[in-house]
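Colleague: Below is model-v3.cif; it holds mmCIF, C-alpha atoms.
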```cif
data_input
#
loop_
_atom_site.group_PDB
_atom_site.id
_atom_site.type_symbol
_atom_site.label_atom_id
_atom_site.label_comp_id
_atom_site.auth_asym_id
_atom_site.auth_seq_id
_atom_site.Cartn_x
_atom_site.Cartn_y
_atom_site.Cartn_z
ATOM 1 C CA MET U 276 -23.589 -22.208 4.465
ATOM 2 C CA SER U 277 -25.371 -19.424 6.341
ATOM 3 C CA LYS U 278 -24.170 -15.822 6.574
ATOM 4 C CA LYS U 279 -23.356 -16.407 10.245
ATOM 5 C CA ASP U 280 -21.129 -19.344 9.299
ATOM 6 C CA THR U 281 -19.207 -17.222 6.757
ATOM 7 C CA ASP U 282 -18.658 -14.118 8.910
ATOM 8 C CA HIS U 283 -15.011 -15.023 9.559
ATOM 9 C CA PHE U 284 -14.359 -16.785 6.239
ATOM 10 C CA THR U 285 -11.947 -15.340 3.702
ATOM 11 C CA LYS U 286 -11.004 -16.719 0.264
ATOM 12 C CA ASN U 287 -8.303 -14.193 -0.600
ATOM 13 C CA ALA U 288 -4.775 -13.876 0.789
ATOM 14 C CA LYS U 289 -4.634 -10.209 -0.211
ATOM 15 C CA THR U 290 -5.553 -7.547 2.326
ATOM 16 C CA PRO U 291 -8.926 -6.096 1.235
ATOM 17 C CA LEU U 292 -8.107 -2.559 0.107
ATOM 18 C CA ARG U 293 -9.988 -0.093 -2.063
ATOM 19 C CA THR U 294 -8.383 1.068 -5.310
ATOM 20 C CA ASP U 295 -8.098 4.596 -3.886
ATOM 21 C CA ALA U 296 -6.509 3.439 -0.621
ATOM 22 C CA PHE U 297 -3.416 5.619 -1.006
ATOM 23 C CA GLU U 298 -4.836 8.778 -2.541
ATOM 24 C CA LEU U 299 -5.018 10.592 0.813
ATOM 25 C CA SER U 300 -1.808 11.640 2.531
ATOM 26 C CA ASP U 301 -1.048 10.406 6.044
ATOM 27 C CA ALA U 302 -1.849 13.872 7.378
ATOM 28 C CA GLU U 303 -5.242 13.876 5.645
ATOM 29 C CA LYS U 304 -6.036 10.416 6.977
ATOM 30 C CA MET U 305 -5.103 11.411 10.524
ATOM 31 C CA GLU U 306 -7.269 14.521 10.310
ATOM 32 C CA ARG U 307 -10.310 12.483 9.273
ATOM 33 C CA ILE U 308 -9.710 9.723 11.814
ATOM 34 C CA GLU U 309 -9.243 12.271 14.604
ATOM 35 C CA LYS U 310 -12.670 13.786 13.881
ATOM 36 C CA ASN U 311 -14.320 10.362 13.702
ATOM 37 C CA VAL U 312 -12.785 9.181 16.979
ATOM 38 C CA PHE U 313 -13.906 12.404 18.642
ATOM 39 C CA ASP U 314 -17.454 11.821 17.399
ATOM 40 C CA MET U 315 -17.485 8.187 18.562
ATOM 41 C CA LEU U 316 -16.250 8.992 22.067
ATOM 42 C CA GLN U 317 -18.653 11.882 22.369
ATOM 43 C CA THR U 318 -21.497 9.637 21.201
ATOM 44 C CA LEU U 319 -20.600 7.219 24.007
ATOM 45 C CA GLY U 320 -21.129 10.076 26.445
ATOM 46 C CA MET U 321 -17.501 10.913 27.210
ATOM 47 C CA ASP U 322 -16.633 14.476 28.240
ATOM 48 C CA MET U 323 -14.214 15.444 25.488
ATOM 49 C CA THR U 324 -13.237 18.637 27.295
ATOM 50 C CA ASP U 325 -11.637 16.612 30.087
ATOM 51 C CA ASP U 326 -7.824 16.891 30.244
ATOM 52 C CA SER U 327 -7.457 13.107 30.029
ATOM 53 C CA LEU U 328 -9.579 12.790 26.877
ATOM 54 C CA ARG U 329 -8.916 16.031 25.004
ATOM 55 C CA ASP U 330 -5.983 14.695 22.962
ATOM 56 C CA THR U 331 -7.173 11.084 22.700
ATOM 57 C CA PRO U 332 -8.590 11.444 19.149
ATOM 58 C CA LYS U 333 -5.292 12.870 17.925
ATOM 59 C CA ARG U 334 -3.289 10.136 19.659
ATOM 60 C CA VAL U 335 -5.497 7.391 18.204
ATOM 61 C CA ALA U 336 -5.292 8.857 14.698
ATOM 62 C CA LYS U 337 -1.498 8.991 14.817
ATOM 63 C CA MET U 338 -1.299 5.477 16.276
ATOM 64 C CA TRP U 339 -3.512 4.030 13.549
ATOM 65 C CA VAL U 340 -1.760 5.650 10.598
ATOM 66 C CA LYS U 341 1.860 5.702 11.780
ATOM 67 C CA GLU U 342 2.038 2.630 14.012
ATOM 68 C CA ILE U 343 -0.412 -0.253 14.285
ATOM 69 C CA PHE U 344 -1.759 0.055 10.709
ATOM 70 C CA ALA U 345 1.439 1.288 9.039
ATOM 71 C CA GLY U 346 1.763 -2.048 7.216
ATOM 72 C CA ILE U 347 -1.202 -1.178 4.999
ATOM 73 C CA HIS U 348 0.960 1.077 2.837
ATOM 74 C CA PRO U 349 3.432 -0.853 0.628
ATOM 75 C CA GLU U 350 5.957 1.980 0.887
ATOM 76 C CA ASN U 351 6.409 1.126 4.569
ATOM 77 C CA ARG U 352 7.705 -2.347 3.770
ATOM 78 C CA THR U 353 11.403 -2.684 4.490
ATOM 79 C CA LYS U 354 13.465 -3.147 1.351
ATOM 80 C CA ILE U 355 14.842 -6.679 1.415
ATOM 81 C CA SER U 356 18.279 -7.422 -0.015
ATOM 82 C CA VAL U 357 19.284 -10.991 -0.824
ATOM 83 C CA PHE U 358 22.789 -12.416 -0.798
ATOM 84 C CA GLU U 359 24.451 -15.336 -2.487
ATOM 85 C CA ASN U 360 24.600 -18.413 -0.287
ATOM 86 C CA LYS U 361 28.402 -18.519 -0.530
ATOM 87 C CA TYR U 362 28.809 -20.905 2.401
ATOM 88 C CA LYS U 363 26.560 -23.436 0.619
ATOM 89 C CA TYR U 364 24.375 -23.969 3.683
ATOM 90 C CA GLY U 365 21.839 -26.488 2.418
ATOM 91 C CA GLU U 366 19.699 -27.269 5.459
ATOM 92 C CA MET U 367 16.667 -25.374 6.660
ATOM 93 C CA LEU U 368 17.150 -22.076 8.445
ATOM 94 C CA ILE U 369 14.680 -21.316 11.220
ATOM 95 C CA GLU U 370 13.894 -18.043 12.954
ATOM 96 C CA LYS U 371 11.567 -18.801 15.839
ATOM 97 C CA ASN U 372 9.736 -16.808 18.497
ATOM 98 C CA ILE U 373 9.302 -13.698 16.347
ATOM 99 C CA MET U 374 6.920 -11.427 18.230
ATOM 100 C CA VAL U 375 3.609 -10.729 16.515
ATOM 101 C CA HIS U 376 1.552 -7.652 17.415
ATOM 102 C CA SER U 377 -1.399 -7.350 15.074
ATOM 103 C CA THR U 378 -5.044 -6.256 15.081
ATOM 104 C CA CYS U 379 -8.060 -8.438 14.379
ATOM 105 C CA GLU U 380 -10.011 -6.860 11.535
ATOM 106 C CA HIS U 381 -13.327 -8.167 12.881
ATOM 107 C CA HIS U 382 -13.302 -6.296 16.205
ATOM 108 C CA LEU U 383 -10.140 -4.123 15.961
ATOM 109 C CA LEU U 384 -8.704 -5.757 19.058
ATOM 110 C CA PRO U 385 -5.090 -6.949 19.466
ATOM 111 C CA ILE U 386 -3.627 -10.240 18.290
ATOM 112 C CA VAL U 387 -0.473 -11.100 20.239
ATOM 113 C CA GLY U 388 1.724 -14.115 19.681
ATOM 114 C CA LYS U 389 4.805 -15.571 18.043
ATOM 115 C CA ALA U 390 5.747 -16.562 14.512
ATOM 116 C CA HIS U 391 8.188 -19.277 13.503
ATOM 117 C CA ILE U 392 9.670 -19.130 9.995
ATOM 118 C CA ALA U 393 11.822 -21.593 8.074
ATOM 119 C CA TYR U 394 13.252 -21.717 4.583
ATOM 120 C CA ILE U 395 15.674 -23.826 2.580
ATOM 121 C CA SER U 396 18.007 -21.753 0.426
ATOM 122 C CA ASN U 397 17.812 -22.059 -3.336
ATOM 123 C CA GLY U 398 21.059 -20.142 -3.739
ATOM 124 C CA THR U 399 20.146 -16.922 -1.923
ATOM 125 C CA VAL U 400 19.745 -15.901 1.716
ATOM 126 C CA ILE U 401 18.509 -12.791 3.545
ATOM 127 C CA GLY U 402 19.589 -11.130 6.781
ATOM 128 C CA LEU U 403 17.969 -12.668 9.848
ATOM 129 C CA SER U 404 16.386 -9.410 11.012
ATOM 130 C CA LYS U 405 14.594 -9.112 7.666
ATOM 131 C CA LEU U 406 12.475 -12.125 8.609
ATOM 132 C CA ASN U 407 11.308 -10.227 11.684
ATOM 133 C CA ARG U 408 10.630 -7.133 9.586
ATOM 134 C CA ILE U 409 8.506 -9.038 7.068
ATOM 135 C CA VAL U 410 6.411 -10.439 9.917
ATOM 136 C CA ARG U 411 6.079 -6.962 11.397
ATOM 137 C CA HIS U 412 5.000 -5.471 8.061
ATOM 138 C CA TYR U 413 2.108 -7.870 7.570
ATOM 139 C CA ALA U 414 1.129 -7.717 11.237
ATOM 140 C CA LYS U 415 0.779 -3.911 11.160
ATOM 141 C CA ARG U 416 -2.622 -3.835 9.481
ATOM 142 C CA PRO U 417 -6.145 -5.053 10.221
ATOM 143 C CA GLN U 418 -5.623 -8.796 9.886
ATOM 144 C CA VAL U 419 -6.933 -12.317 9.902
ATOM 145 C CA GLN U 420 -4.323 -14.715 11.277
ATOM 146 C CA GLU U 421 -4.782 -17.217 8.455
ATOM 147 C CA ARG U 422 -4.218 -14.529 5.831
ATOM 148 C CA MET U 423 -1.190 -13.102 7.638
ATOM 149 C CA THR U 424 0.463 -16.550 7.722
ATOM 150 C CA ILE U 425 -0.016 -16.990 3.969
ATOM 151 C CA GLN U 426 1.162 -13.446 3.167
ATOM 152 C CA ILE U 427 4.424 -13.957 5.071
ATOM 153 C CA VAL U 428 5.166 -17.202 3.222
ATOM 154 C CA GLU U 429 4.269 -15.814 -0.215
ATOM 155 C CA ASP U 430 6.433 -12.717 0.306
ATOM 156 C CA LEU U 431 9.447 -14.792 1.355
ATOM 157 C CA GLN U 432 8.962 -17.191 -1.547
ATOM 158 C CA GLN U 433 9.121 -14.255 -3.932
ATOM 159 C CA VAL U 434 12.139 -12.678 -2.227
ATOM 160 C CA LEU U 435 14.119 -15.917 -1.930
ATOM 161 C CA HIS U 436 13.054 -17.380 -5.309
ATOM 162 C CA THR U 437 12.088 -20.665 -3.694
ATOM 163 C CA GLU U 438 8.872 -22.432 -2.753
ATOM 164 C CA ASP U 439 10.601 -23.977 0.275
ATOM 165 C CA VAL U 440 9.255 -21.641 2.950
ATOM 166 C CA ALA U 441 7.133 -22.365 6.034
ATOM 167 C CA CYS U 442 5.490 -20.258 8.716
ATOM 168 C CA ILE U 443 3.649 -21.139 11.920
ATOM 169 C CA ILE U 444 1.915 -18.505 14.064
ATOM 170 C CA ASP U 445 0.650 -19.145 17.598
ATOM 171 C CA ALA U 446 -1.321 -16.193 18.937
ATOM 172 C CA LYS U 447 -3.932 -15.039 21.409
ATOM 173 C CA HIS U 448 -6.849 -12.916 20.220
ATOM 174 C CA MET U 449 -8.183 -10.247 22.536
ATOM 175 C CA CYS U 450 -11.593 -10.548 20.859
ATOM 176 C CA VAL U 451 -11.748 -14.055 22.333
ATOM 177 C CA ILE U 452 -10.236 -13.083 25.690
ATOM 178 C CA THR U 453 -12.043 -9.824 26.473
ATOM 179 C CA ARG U 454 -15.457 -10.260 24.846
ATOM 180 C CA GLY U 455 -17.848 -13.000 23.757
ATOM 181 C CA ILE U 456 -16.687 -16.297 25.259
ATOM 182 C CA GLU U 457 -13.983 -14.510 27.360
ATOM 183 C CA ASP U 458 -11.602 -17.480 27.191
ATOM 184 C CA VAL U 459 -8.163 -16.453 28.501
ATOM 185 C CA ASN U 460 -6.519 -19.860 27.965
ATOM 186 C CA SER U 461 -6.990 -20.663 24.284
ATOM 187 C CA SER U 462 -4.651 -19.648 21.487
ATOM 188 C CA THR U 463 -4.877 -19.958 17.703
ATOM 189 C CA ILE U 464 -2.261 -21.779 15.620
ATOM 190 C CA THR U 465 -2.022 -21.347 11.856
ATOM 191 C CA ALA U 466 0.519 -22.850 9.467
ATOM 192 C CA GLU U 467 1.472 -22.496 5.833
ATOM 193 C CA PHE U 468 3.919 -24.940 4.229
ATOM 194 C CA GLY U 469 5.415 -24.466 0.782
ATOM 195 C CA GLY U 470 7.598 -26.616 -1.456
ATOM 196 C CA LYS U 471 9.616 -29.251 0.407
ATOM 197 C CA PHE U 472 7.838 -28.394 3.662
ATOM 198 C CA LYS U 473 4.763 -30.168 2.285
ATOM 199 C CA GLN U 474 6.739 -33.413 2.590
ATOM 200 C CA GLN U 475 6.007 -35.166 5.866
ATOM 201 C CA ASP U 476 9.660 -35.767 6.821
ATOM 202 C CA VAL U 477 10.752 -32.172 6.150
ATOM 203 C CA ARG U 478 7.738 -30.763 7.950
ATOM 204 C CA GLN U 479 8.397 -33.047 10.924
ATOM 205 C CA GLU U 480 12.050 -31.962 11.066
ATOM 206 C CA PHE U 481 10.894 -28.337 11.204
ATOM 207 C CA LEU U 482 8.473 -29.101 14.038
ATOM 208 C CA ASP U 483 11.098 -31.097 15.930
ATOM 209 C CA LEU U 484 13.645 -28.274 15.681
ATOM 210 C CA LEU U 485 11.058 -25.796 16.956
ATOM 211 C CA ASN U 486 10.690 -27.915 20.065
ATOM 212 C CA LEU U 487 14.409 -27.919 20.874
ATOM 213 C CA LYS U 488 15.064 -26.421 24.295
ATOM 214 C CA SER U 489 17.588 -23.608 24.481
ATOM 215 C CA ASP U 490 19.740 -22.648 27.451
ATOM 216 C CA ILE U 491 20.527 -19.246 25.934
ATOM 217 C CA ASN U 492 19.652 -16.450 28.328
ATOM 218 C CA LEU U 493 20.417 -12.904 27.228
#
```
Can the structure in the file be given as structure tokens, please?

Modeller:
Amino acid sequence: MSKKDTDHFTKNAKTPLRTDAFELSDAEKMERIEKNVFDMLQTLGMDMTDDSLRDTPKRVAKMWVKEIFAGIHPENRTKISVFENKYKYGEMLIEKNIMVHSTCEHHLLPIVGKAHIAYISNGTVIGLSKLNRIVRHYAKRPQVQERMTIQIVEDLQQVLHTEDVACIIDAKHMCVITRGIEDVNSSTITAEFGGKFKQQDVRQEFLDLLNLKSDINL
């Protein structure tokens, strides 16, 4: 396999981080990023004294550290509490159409789409909004969609103490839409199935329920 063929290939579900990733404070990181963004824009020939551009490096630095890449730091992960499944609900629970806003780590362009999560309780459950927050945490970092899908499933398996977790993500990549092939119509679908969801009938039930039409309008 040539280097070109392996450019977008990853073998590891862990986000590639250096061992000293968290030694700098957020303020120190923003200071360094601000200088680097200033240098890049100036290198492109932009007039950094212009009112419209003067604060752009600072805005980008804050956005990277505090917003779109906040999921890099484990301390920013929402603490997840689990509860006993007192009502003995034994079927799969599905949270669908969870918004995904992430960033492709190959070109640092947006990934926008939806995630669909399902799990079958092994005695514990979590609040519905926590599913959204787990998706958000892993989306807020430079990502590869395949890795993000696996990370979401593995985190929920650990939290819920069950292998019976599934995740499907359907997303558009701005690196495909705005550069290169410039294809505005295609989207990328990734899936990770654990435990019972590897069984054809359970997986099919999940897919069928995802396709149910809803008349709920809020």

Colleague: Kindly resolve the PyMOL selection byres ((chain U and resi 407) around 10) on the present coordinates and return the residues as number ranges by chain.

Modeller: U: 370-375, 390-392, 402-406, 408-412

Colleague: Please provide as a count of residues only all residues within 8 Å of segment 414-426 of chain U, with the sequence filter that same-chain residues fewer than 6 positions apart are discarded (counting all atoms listed in the file).

Modeller: 23

Colleague: Could you jot down the atom CA of Ile355 of chain U to atom CA of Val434 of chain U separation for me, Å, one decimal place?

Modeller: 7.5 Å

Colleague: Excluding segment 292-302 of chain U and any residue of its chain fewer than 4 positions from it, enumerate the residues within 8 Å of it, using all atoms listed in the file, and give them as a list in words.

Modeller: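 In the requested format, the answer is Glu306, Val340, Lys341 and His348 of chain U.
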
Colleague: Which value, in Å to one decimal, gives the distance between atom CA of Arg454 of chain U and atom CA of Met338 of chain U?

Modeller: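 So the two atoms, atom CA of Arg454 of chain U and atom CA of Met338 of chain U, lie 22.8 Å apart.
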